[in-house]
>>> print(open('input_30.txt').read())   # compact mmCIF, C-alpha atoms
# COMPACT_ATOMS: atom_id res chain seq x y z
CA MET A 148 1.57 21.54 -28.04
CA LYS A 149 4.20 19.16 -29.19
CA THR A 150 3.52 15.62 -28.09
CA LEU A 151 6.28 13.15 -27.40
CA PHE A 152 5.55 9.47 -27.82
CA HIS A 153 8.09 7.24 -26.10
CA LEU A 154 8.42 3.53 -26.75
CA LYS A 155 9.75 1.46 -23.92
CA MET A 156 10.88 -2.07 -24.22
CA PHE A 157 11.02 -4.76 -21.60
CA ILE A 158 13.73 -5.29 -20.54
CA PHE A 159 16.89 -3.14 -20.67
CA LEU A 160 19.93 -4.03 -18.58
CA LEU A 161 22.04 -1.16 -17.31
CA VAL A 162 23.63 -0.36 -13.97
CA VAL A 163 21.56 1.60 -11.44
CA GLU A 164 22.62 2.70 -7.99
CA ASN A 165 19.22 2.50 -6.34
CA ILE A 166 15.97 1.04 -7.60
CA LEU A 167 14.05 3.64 -5.59
CA GLY A 168 15.66 6.50 -7.45
CA SER A 169 12.74 8.88 -7.80
CA ASN A 170 13.43 12.40 -6.61
CA ILE A 171 10.98 13.45 -3.92
CA ASN A 172 10.22 17.13 -3.86
CA SER A 173 10.22 18.26 -0.23
CA LYS A 174 7.36 20.68 -0.84
CA ASN A 175 5.20 17.74 -1.90
CA PHE A 176 6.05 15.59 1.11
CA GLU A 177 3.67 17.19 3.59
CA ILE A 178 -0.06 16.78 3.11
CA ARG A 179 -1.05 20.14 4.53
CA SER A 180 0.27 23.03 6.57
CA ASP A 181 -2.99 24.35 7.95
CA GLU A 182 -4.58 22.97 11.09
CA VAL A 183 -7.39 20.85 9.73
CA ARG A 184 -8.94 18.58 12.35
CA TYR A 185 -10.52 15.22 11.54
CA ASP A 186 -13.31 13.55 13.48
CA PRO A 187 -13.08 9.83 14.38
CA THR A 188 -15.53 8.92 11.60
CA TRP A 189 -14.86 7.47 8.18
CA GLU A 190 -16.79 10.32 6.59
CA SER A 191 -14.36 12.84 8.07
CA LEU A 192 -11.19 10.75 7.74
CA ASP A 193 -11.87 10.04 4.07
CA THR A 194 -11.61 13.76 3.26
CA ARG A 195 -7.91 13.82 4.08
CA PRO A 196 -5.75 14.20 0.92
CA ILE A 197 -2.63 12.17 0.25
CA PRO A 198 0.74 13.82 -0.53
CA GLU A 199 2.09 13.93 -4.06
CA TRP A 200 5.19 11.95 -3.13
CA PHE A 201 3.20 8.74 -2.80
CA ASP A 202 1.88 9.12 -6.34
CA ASP A 203 5.39 9.89 -7.60
CA VAL A 204 7.60 7.17 -6.10
CA LYS A 205 5.45 4.24 -7.35
CA ILE A 206 7.64 1.43 -5.97
CA GLY A 207 8.15 0.12 -2.44
CA ILE A 208 9.97 -2.84 -0.94
CA PHE A 209 8.34 -4.84 1.84
CA ILE A 210 10.54 -7.06 4.02
CA HIS A 211 8.61 -9.88 5.71
CA TRP A 212 10.40 -10.81 8.91
CA GLY A 213 9.56 -13.97 10.83
CA VAL A 214 9.71 -14.99 14.48
CA PHE A 215 13.47 -14.51 14.36
CA SER A 216 13.25 -10.73 13.85
CA VAL A 217 14.88 -8.56 16.50
CA PRO A 218 12.68 -5.62 17.59
CA SER A 219 15.59 -4.00 19.45
CA PHE A 220 17.12 -2.87 16.17
CA GLY A 221 14.00 -1.26 14.69
CA GLY A 222 15.29 2.24 15.30
CA ASP A 223 18.66 1.45 13.73
CA LEU A 224 16.91 0.04 10.68
CA ALA A 225 14.68 3.12 10.35
CA ASN A 226 17.69 5.42 10.57
CA ALA A 227 19.67 3.39 8.06
CA VAL A 228 16.79 3.51 5.57
CA ARG A 229 16.39 7.27 5.92
CA ASP A 230 20.15 7.83 5.67
CA LYS A 231 19.94 6.35 2.18
CA GLY A 232 17.29 8.89 1.21
CA LEU A 233 14.49 6.34 1.26
CA ILE A 234 11.05 6.56 2.87
CA PHE A 235 10.47 4.37 5.92
CA GLY A 236 7.20 2.64 6.79
CA VAL A 237 6.04 -0.04 9.22
CA TYR A 238 3.72 -3.03 8.98
CA HIS A 239 1.43 -3.88 11.90
CA SER A 240 -1.01 -6.75 12.37
CA LEU A 241 -4.07 -5.69 14.35
CA TYR A 242 -4.73 -9.09 15.85
CA GLU A 243 -2.46 -11.84 17.15
CA TRP A 244 -3.48 -15.40 16.45
CA PHE A 245 -2.66 -16.87 19.87
CA ASN A 246 -2.69 -13.92 22.25
CA PRO A 247 -4.84 -14.94 25.27
CA MET A 248 -6.44 -11.51 25.55
CA TYR A 249 -7.41 -11.55 21.89
CA LEU A 250 -8.81 -15.08 22.14
CA ALA A 251 -10.85 -14.04 25.20
CA ASP A 252 -12.29 -11.06 23.30
CA LYS A 253 -13.07 -13.34 20.40
CA ASN A 254 -14.88 -15.79 22.68
CA ASN A 255 -16.91 -12.82 23.93
CA SER A 256 -17.93 -12.02 20.34
CA PHE A 257 -15.64 -8.97 20.49
CA VAL A 258 -17.88 -7.19 23.00
CA THR A 259 -14.86 -6.83 25.27
CA GLN A 260 -11.71 -5.00 24.10
CA ASP A 261 -9.03 -6.07 26.57
CA PHE A 262 -6.59 -6.97 23.79
CA VAL A 263 -7.13 -3.69 21.95
CA ASN A 264 -6.86 -1.51 25.05
CA ASN A 265 -3.96 -3.26 26.74
CA LYS A 266 -1.86 -4.57 23.86
CA MET A 267 -2.76 -3.43 20.37
CA LEU A 268 -3.33 0.31 20.72
CA PRO A 269 -0.39 0.98 23.08
CA GLU A 270 1.82 -0.87 20.63
CA MET A 271 0.56 1.21 17.70
CA TYR A 272 1.11 4.49 19.54
CA GLU A 273 4.61 3.33 20.42
CA LEU A 274 5.41 2.52 16.79
CA ILE A 275 4.32 5.97 15.66
CA ASN A 276 5.95 7.94 18.45
CA ASN A 277 9.26 6.05 18.46
CA TYR A 278 9.85 5.46 14.74
CA GLN A 279 7.70 8.13 13.05
CA PRO A 280 7.00 6.14 9.88
CA SER A 281 5.75 7.73 6.68
CA VAL A 282 3.55 4.69 5.97
CA PHE A 283 1.59 2.68 8.53
CA TRP A 284 0.53 -0.53 6.81
CA SER A 285 -2.24 -2.25 8.76
CA ASP A 286 -3.21 -5.92 8.44
CA GLY A 287 -4.93 -8.71 10.41
CA ASP A 288 -8.36 -7.12 10.14
CA TRP A 289 -10.54 -9.96 8.93
CA GLU A 290 -12.04 -11.34 12.14
CA ALA A 291 -13.50 -8.23 13.80
CA ASN A 292 -15.01 -4.93 12.80
CA ASP A 293 -13.35 -1.53 12.99
CA THR A 294 -15.32 -0.61 16.11
CA TYR A 295 -13.64 -3.40 18.05
CA PHE A 296 -10.21 -2.30 16.84
CA ARG A 297 -11.02 1.37 17.62
CA SER A 298 -9.65 2.15 14.17
CA THR A 299 -11.23 5.54 13.55
CA GLU A 300 -10.15 6.73 17.00
CA PHE A 301 -6.54 5.79 16.29
CA LEU A 302 -6.60 7.35 12.81
CA ALA A 303 -8.06 10.60 14.11
CA TRP A 304 -5.15 10.83 16.55
CA LEU A 305 -2.71 9.89 13.79
CA TYR A 306 -4.02 12.62 11.45
CA ASN A 307 -4.56 15.31 14.12
CA ASP A 308 -1.99 15.00 16.89
CA SER A 309 0.72 12.45 16.07
CA PRO A 310 4.30 13.51 15.22
CA VAL A 311 3.68 12.40 11.61
CA LYS A 312 0.23 13.94 11.20
CA ASN A 313 1.18 15.85 8.04
CA THR A 314 3.14 13.11 6.27
CA VAL A 315 1.87 9.66 7.22
CA LEU A 316 -0.20 7.43 4.94
CA VAL A 317 -2.28 4.38 5.82
CA ASN A 318 -3.85 1.57 3.83
CA ASP A 319 -7.39 0.18 4.15
CA ARG A 320 -7.17 -2.87 6.42
CA TRP A 321 -8.84 -1.62 9.61
CA GLY A 322 -11.68 -4.10 10.14
CA ILE A 323 -14.18 -6.33 8.35
CA ASP A 324 -15.72 -4.58 5.30
CA ILE A 325 -13.23 -1.71 5.45
CA PRO A 326 -10.77 -2.87 2.72
CA CYS A 327 -11.38 -1.11 -0.62
CA GLN A 328 -13.72 1.29 1.21
CA HIS A 329 -11.66 3.53 3.49
CA GLY A 330 -8.02 4.57 3.85
CA ASP A 331 -5.49 6.83 2.14
CA PHE A 332 -4.80 4.09 -0.40
CA TYR A 333 -6.55 0.78 -1.01
CA SER A 334 -4.72 -2.54 -0.93
CA CYS A 335 -8.02 -4.48 -1.05
CA GLN A 336 -6.44 -7.96 -1.09
CA ASP A 337 -3.04 -9.54 -1.54
CA ARG A 338 -1.68 -9.16 -5.08
CA TYR A 339 -4.53 -6.80 -5.96
CA ASN A 340 -4.13 -5.93 -9.66
CA PRO A 341 -7.50 -4.93 -11.19
CA GLY A 342 -6.17 -4.35 -14.71
CA GLU A 343 -8.12 -1.11 -15.17
CA LEU A 344 -8.03 2.44 -13.86
CA GLN A 345 -9.45 2.85 -10.34
CA PRO A 346 -11.18 5.93 -8.89
CA HIS A 347 -9.14 5.80 -5.64
CA LYS A 348 -5.39 5.53 -5.16
CA TRP A 349 -4.43 1.87 -4.70
CA GLU A 350 -1.48 -0.43 -4.17
CA ASN A 351 -0.54 -3.87 -5.42
CA ALA A 352 1.11 -5.65 -2.47
CA MET A 353 2.73 -8.69 -4.08
CA THR A 354 5.50 -11.22 -3.56
CA LEU A 355 8.49 -12.41 -5.56
CA ASP A 356 7.76 -15.87 -4.17
CA LYS A 357 4.38 -16.75 -5.70
CA ASP A 358 3.33 -18.84 -2.69
CA SER A 359 4.79 -17.16 0.38
CA TRP A 360 5.45 -13.83 2.05
CA GLY A 361 8.27 -15.26 4.14
CA TYR A 362 11.46 -17.02 3.13
CA ARG A 363 11.06 -20.71 2.18
CA ARG A 364 14.07 -23.00 2.15
CA ASN A 365 12.22 -25.58 0.06
CA ALA A 366 11.01 -23.22 -2.69
CA ASN A 367 11.63 -24.30 -6.29
CA LEU A 368 12.87 -22.01 -9.05
CA SER A 369 9.42 -22.11 -10.66
CA ASP A 370 7.95 -20.67 -7.44
CA TYR A 371 9.62 -17.30 -8.08
CA LEU A 372 8.52 -14.58 -10.46
CA THR A 373 10.85 -14.12 -13.40
CA THR A 374 12.20 -10.66 -14.12
CA HIS A 375 9.72 -10.42 -16.98
CA ASP A 376 6.88 -11.42 -14.65
CA LEU A 377 7.91 -8.70 -12.20
CA LEU A 378 8.14 -6.00 -14.86
CA LYS A 379 4.83 -7.04 -16.38
CA THR A 380 3.15 -6.70 -12.98
CA LEU A 381 4.84 -3.36 -12.41
CA THR A 382 3.70 -2.04 -15.80
CA GLU A 383 0.08 -3.11 -15.40
CA THR A 384 -0.05 -1.65 -11.91
CA ILE A 385 1.45 1.76 -12.72
CA SER A 386 -0.54 2.11 -15.93
CA CYS A 387 -3.77 1.67 -13.97
CA GLY A 388 -2.85 4.29 -11.37
CA GLY A 389 -1.52 2.01 -8.64
CA ASN A 390 1.70 1.72 -6.68
CA ILE A 391 3.51 -1.57 -6.26
CA MET A 392 4.82 -3.00 -2.98
CA ILE A 393 7.31 -5.80 -3.69
CA ASN A 394 7.74 -8.29 -0.86
CA ILE A 395 10.88 -10.26 -0.16
CA GLY A 396 11.49 -12.61 2.75
CA PRO A 397 14.95 -12.52 4.37
CA THR A 398 16.56 -15.63 5.81
CA LYS A 399 16.85 -16.11 9.56
CA GLU A 400 20.28 -14.46 9.32
CA GLY A 401 18.67 -11.38 7.80
CA THR A 402 20.21 -11.88 4.35
CA ILE A 403 18.48 -11.55 0.99
CA ILE A 404 18.91 -14.70 -1.08
CA PRO A 405 20.62 -14.35 -4.51
CA ILE A 406 17.47 -14.84 -6.60
CA PHE A 407 15.73 -11.96 -4.80
CA GLN A 408 18.84 -9.83 -5.23
CA GLU A 409 18.89 -10.65 -8.93
CA ARG A 410 15.25 -9.69 -9.42
CA LEU A 411 15.66 -6.37 -7.60
CA LEU A 412 18.89 -5.53 -9.42
CA ASP A 413 17.25 -6.35 -12.75
CA LEU A 414 14.40 -4.04 -11.82
CA GLY A 415 16.87 -1.30 -10.94
CA LYS A 416 18.73 -1.72 -14.20
CA TRP A 417 15.49 -1.53 -16.14
CA LEU A 418 14.37 1.56 -14.25
CA SER A 419 17.69 3.29 -14.91
CA VAL A 420 16.68 3.34 -18.58
CA ASN A 421 12.92 3.48 -18.41
CA GLY A 422 12.24 5.14 -15.07
CA GLU A 423 10.79 8.31 -16.57
CA ALA A 424 7.77 6.29 -17.71
CA ILE A 425 7.25 5.02 -14.14
CA TYR A 426 8.41 7.60 -11.58
CA ASN A 427 6.26 10.74 -11.40
CA SER A 428 4.02 9.32 -14.13
CA ARG A 429 0.24 9.40 -14.25
CA PRO A 430 -2.37 7.18 -15.93
CA TRP A 431 -3.03 8.13 -19.53
CA THR A 432 -6.42 8.31 -21.27
CA VAL A 433 -6.10 4.61 -22.17
CA GLN A 434 -4.32 2.04 -20.04
CA ASN A 435 -4.10 -1.05 -22.27
CA ASP A 436 -3.93 -0.80 -26.05
CA THR A 437 -7.14 -1.95 -27.70
CA LEU A 438 -5.33 -3.71 -30.55
CA THR A 439 -2.14 -5.11 -29.03
CA SER A 440 -2.80 -6.32 -25.49
CA GLY A 441 0.87 -6.35 -24.52
CA VAL A 442 1.13 -2.56 -24.70
CA TRP A 443 0.39 -0.40 -21.64
CA TYR A 444 0.43 3.37 -21.42
CA THR A 445 1.46 6.05 -18.95
CA THR A 446 1.96 9.80 -19.28
CA ASP A 447 4.09 12.39 -17.50
CA SER A 448 2.57 14.66 -14.87
CA ASP A 449 2.23 17.50 -17.41
CA ARG A 450 0.68 15.16 -19.99
CA ASN A 451 3.22 16.24 -22.61
CA SER A 452 4.55 12.75 -23.25
CA VAL A 453 2.88 9.39 -23.75
CA TYR A 454 4.84 6.26 -22.88
CA ALA A 455 4.01 2.95 -24.52
CA ILE A 456 5.42 0.06 -22.50
CA VAL A 457 5.74 -2.95 -24.80
CA LEU A 458 5.86 -6.35 -23.11
CA GLU A 459 6.80 -8.43 -26.15
CA TRP A 460 9.07 -7.57 -29.05
CA PRO A 461 6.80 -7.16 -32.12
CA ASP A 462 6.83 -9.59 -35.01
CA ASN A 463 8.94 -8.41 -37.95
CA ASN A 464 10.04 -5.44 -35.80
CA ILE A 465 6.74 -3.67 -36.49
CA LEU A 466 4.48 -2.69 -33.61
CA GLN A 467 0.83 -2.03 -34.41
CA VAL A 468 -1.32 -0.04 -31.99
CA GLU A 469 -4.54 1.92 -32.27
CA SER A 470 -5.19 3.63 -28.92
CA VAL A 471 -2.70 6.41 -29.77
CA LEU A 472 -4.20 7.16 -33.19
CA ALA A 473 -5.44 10.59 -32.11
CA VAL A 474 -1.98 11.48 -30.80
CA PHE A 475 -0.36 10.76 -34.14
CA ALA A 476 -3.17 12.26 -36.20
CA ASN A 477 -3.51 15.59 -34.39
CA SER A 478 -0.05 16.48 -33.13
CA THR A 479 3.50 16.97 -34.23
CA VAL A 480 4.92 13.72 -32.88
CA THR A 481 8.47 12.87 -31.98
CA THR A 482 9.05 9.19 -31.26
CA SER A 483 11.97 7.65 -29.47
CA LEU A 484 13.05 4.42 -27.88
CA LEU A 485 14.25 5.16 -24.35
CA GLY A 486 17.86 4.28 -23.65
CA ASN A 487 19.01 4.22 -27.26
CA THR A 488 21.09 6.55 -29.38
CA GLU A 489 19.82 9.19 -31.79
CA SER A 490 20.61 6.84 -34.68
CA LEU A 491 17.77 4.55 -33.58
CA LYS A 492 14.89 6.69 -34.76
CA VAL A 493 11.45 5.10 -34.68
CA VAL A 494 9.50 5.44 -37.94
CA TRP A 495 5.71 5.34 -37.91
CA THR A 496 2.87 5.27 -40.45
CA ILE A 497 -0.92 5.33 -40.21
CA SER A 498 -3.15 3.02 -42.25
CA ASP A 499 -6.72 1.79 -41.64
CA GLU A 500 -6.73 3.62 -38.28
CA ILE A 501 -3.76 1.57 -37.11
CA VAL A 502 -0.42 3.11 -36.19
CA SER A 503 2.49 0.95 -37.38
CA ILE A 504 5.83 1.68 -35.75
CA GLN A 505 9.05 0.36 -37.25
CA PHE A 506 11.41 -0.85 -34.57
CA PRO A 507 15.17 -1.13 -35.00
CA ASP A 508 16.83 -4.49 -35.29
CA LYS A 509 16.91 -6.27 -31.95
CA ALA A 510 20.68 -6.63 -32.09
CA THR A 511 21.08 -2.84 -31.98
CA VAL A 512 18.96 -2.35 -28.86
CA ILE A 513 20.77 -1.98 -25.53
CA SER A 514 19.10 -4.81 -23.64
CA ASP A 515 19.56 -8.36 -22.46
CA TRP A 516 15.82 -8.90 -22.75
CA VAL A 517 14.10 -7.78 -25.91
CA TRP A 518 10.56 -9.03 -25.75
>>> encode(input="input_30.txt", output="structure tokens")
Amino acid sequence: MKTLFHLKMFIFLLVVENILGSNINSKNFEIRSDEVRYDPTWESLDTRPIPEWFDDVKIGIFIHWGVFSVPSFGGDLANAVRDKGLIFGVYHSLYEWFNPMYLADKNNSFVTQDFVNNKMLPEMYELINNYQPSVFWSDGDWEANDTYFRSTEFLAWLYNDSPVKNTVLVNDRWGIDIPCQHGDFYSCQDRYNPGELQPHKWENAMTLDKDSWGYRRNANLSDYLTTHDLLKTLTETISCGGNIMINIGPTKEGTIIPIFQERLLDLGKWLSVNGEAIYNSRPWTVQNDTLTSGVWYTTDSDRNSVYAIVLEWPDNNILQVESVLAVFANSTVTTSLLGNTESLKVVWTISDEIVSIQFPDKATVISDWVW
């Protein structure tokens, strides 16, 4: 079989209409069509598969509202998101710091469940029934166990009888010791980025502001990720089989500040050129090149193409890698630099078990960032 080896450079700048441009196949959106029932136990719940769409889209945007958010417009927001062809999800914190019922349960060592029964669970059912999200992102789990939160009971209802039973996904924050153990996908901890392939689907929930999930008026420029920082995080995450959830914090007026807009637009422009190495991709045999650490790999879902994502422009325009040696040695290889014309052919040679790839001159590459 002919193998294609694509080289992708950070960072190309072209216009893109939507940074979440992956096509979602409707047949892959539902998890199942048969009537499988799940028991309210982790052993049973953990057998539920996740839909292919979650492994295809790769990128999500998380908007962290503050005390100034207006719940009355939640339905309008959900409809507006879906009207744009995007997938809608909700965030929910299990506990509330200062709720009197929660504090009373806490003082009772969580033997009582007045907060859960009278506030938390009714609220969660309402969110599902009214807004029918495709992702239910749980948080606020670190003070009590999953038995107190009645997590498995809620999830059994969600998977068996809710209006989104065949499409919804949840993360892993459902009580002490549950993160990285149970859930459709693992978020483990904030900014989770293990740097190696994981056995279970996972997500890197991270922020453009290095120090805050909400908007900060007093943030300095150095507090924000650069476009290169963002794309580096994206590359490492996708290469290792994860999805990325990018958080931005709107102002009290609900606007997105210019620096956040710039980062997201840069991401969209980069994806318009290089998206085929991200959307619908899968982890390759090797994630990080063993010779040049700034090279990360993905492959397409059919494993016909290997994408090398290069974080830094190579010295003397020659990239040296070794993890793809078998690809070049055993296959008829066609190499290309995504987003460039046919005249920019990539030439490669093999010597001392190292693949050397001749890059074009930087001035001929369509990019504002050539690193």
>>> residues_near_point(input="input_30.txt", point="(-13.5, -2.8, 20.5)", cutoff="7 Å", atoms="all atoms listed in the file", output="ChimeraX atom specification")
/A:257-260,263,294-297
>>> residues_near_point(input="input_30.txt", point="(2.9, -16.8, -4.7)", cutoff="9 Å", atoms="only C-alpha atoms", output="PDB file with C-alpha atoms, in the frame of the given file")
ATOM      1  CA  ARG A 338      -1.680  -9.160  -5.080  1.00  0.00           C
ATOM      2  CA  MET A 353       2.730  -8.690  -4.080  1.00  0.00           C
ATOM      3  CA  THR A 354       5.500 -11.220  -3.560  1.00  0.00           C
ATOM      4  CA  LEU A 355       8.490 -12.410  -5.560  1.00  0.00           C
ATOM      5  CA  ASP A 356       7.760 -15.870  -4.170  1.00  0.00           C
ATOM      6  CA  LYS A 357       4.380 -16.750  -5.700  1.00  0.00           C
ATOM      7  CA  ASP A 358       3.330 -18.840  -2.690  1.00  0.00           C
ATOM      8  CA  SER A 359       4.790 -17.160   0.380  1.00  0.00           C
ATOM      9  CA  TRP A 360       5.450 -13.830   2.050  1.00  0.00           C
ATOM     10  CA  ASP A 370       7.950 -20.670  -7.440  1.00  0.00           C
ATOM     11  CA  TYR A 371       9.620 -17.300  -8.080  1.00  0.00           C
ATOM     12  CA  LEU A 372       8.520 -14.580 -10.460  1.00  0.00           C
TER      13      LEU A 372
END
>>> closest_atom_pairs(input="input_30.txt", of="range 329-376 of chain A", to="range 437-458 of chain A", cutoff="12 Å", atoms="only C-alpha atoms", output="Markdown table")
| residue | atom | partner | partner_atom | distance |
| --- | --- | --- | --- | --- |
| A:Gly342 | CA | A:Trp443 | CA | 10.3 |
| A:Glu343 | CA | A:Trp443 | CA | 10.7 |
| A:Leu344 | CA | A:Thr445 | CA | 11.4 |
| A:Thr374 | CA | A:Leu458 | CA | 11.8 |
| A:His375 | CA | A:Leu458 | CA | 8.3 |
| A:Asp376 | CA | A:Leu458 | CA | 9.9 |
>>> residues_around(input="input_30.txt", residues="Asn464 in chain A", least_positions_apart="5", cutoff="9 Å", atoms="all atoms listed in the file", output="list in words")
Ile504, Gln505, Phe506, Pro507, Asp508 and Lys509 of chain A
>>> closest_residue(input="input_30.txt", among="A:Tyr242, A:Phe475, A:Trp495, A:Trp321", to="Asp261 in chain A", atoms="all atoms listed in the file")
A:Tyr242
>>> residues_around(input="input_30.txt", residues="Leu472 in chain A", least_positions_apart="6", cutoff="7 Å", atoms="only C-alpha atoms", output="PyMOL selection string")
chain A and resi 500-502
>>> axis_aligned_box(input="input_30.txt", around="range 270-285 of chain A", padding_each_side="6 Å", output="lines of an AutoDock Vina configuration file")
center_x = 3.8
center_y = 2.9
center_z = 13.3
size_x = 24.1
size_y = 22.4
size_z = 26.7
>>> atom_distance(input="input_30.txt", atom1="CA of Gly322 in chain A", atom2="CA of Gly287 in chain A")
8.2 Å
>>> residues_around(input="input_30.txt", residues="range 386-390 of chain A", least_positions_apart="3", cutoff="8 Å", atoms="all atoms listed in the file", output="count of residues only")
22
>>> atom_distance(input="input_30.txt", atom1="CA of Pro187 in chain A", atom2="CA of Glu300 in chain A")
5.0 Å
>>> closest_residue(input="input_30.txt", among="A:Thr194, A:Ile406, A:Pro310, A:Gln336", to="Gln279 in chain A", atoms="only C-alpha atoms")
A:Pro310
>>> closest_residue(input="input_30.txt", among="A:Thr188, A:Thr402, A:Ser483, A:Ser240", to="Ala303 in chain A", atoms="all atoms listed in the file")
A:Thr188
>>> closest_residue(input="input_30.txt", among="A:Asn226, A:Ser298, A:Asn427, A:Thr380", to="Leu414 in chain A", atoms="all atoms listed in the file")
A:Thr380
>>> atom_distance(input="input_30.txt", atom1="CA of Pro346 in chain A", atom2="CA of Ile210 in chain A")
28.4 Å
>>> residues_around(input="input_30.txt", residues="Asp286 in chain A", least_positions_apart="3", cutoff="12 Å", atoms="all atoms listed in the file", output="list in words")
Val237, Tyr238, His239, Ser240, Leu241, Tyr242, Glu243, Phe283, Trp289, Glu290, Ala291, Asp293, Phe296, Ser298, Val317, Asn318, Asp319, Arg320, Trp321, Gly322, Ile323, Ile325, Pro326, Ser334, Cys335, Gln336, Asp337 and Ala352 of chain A
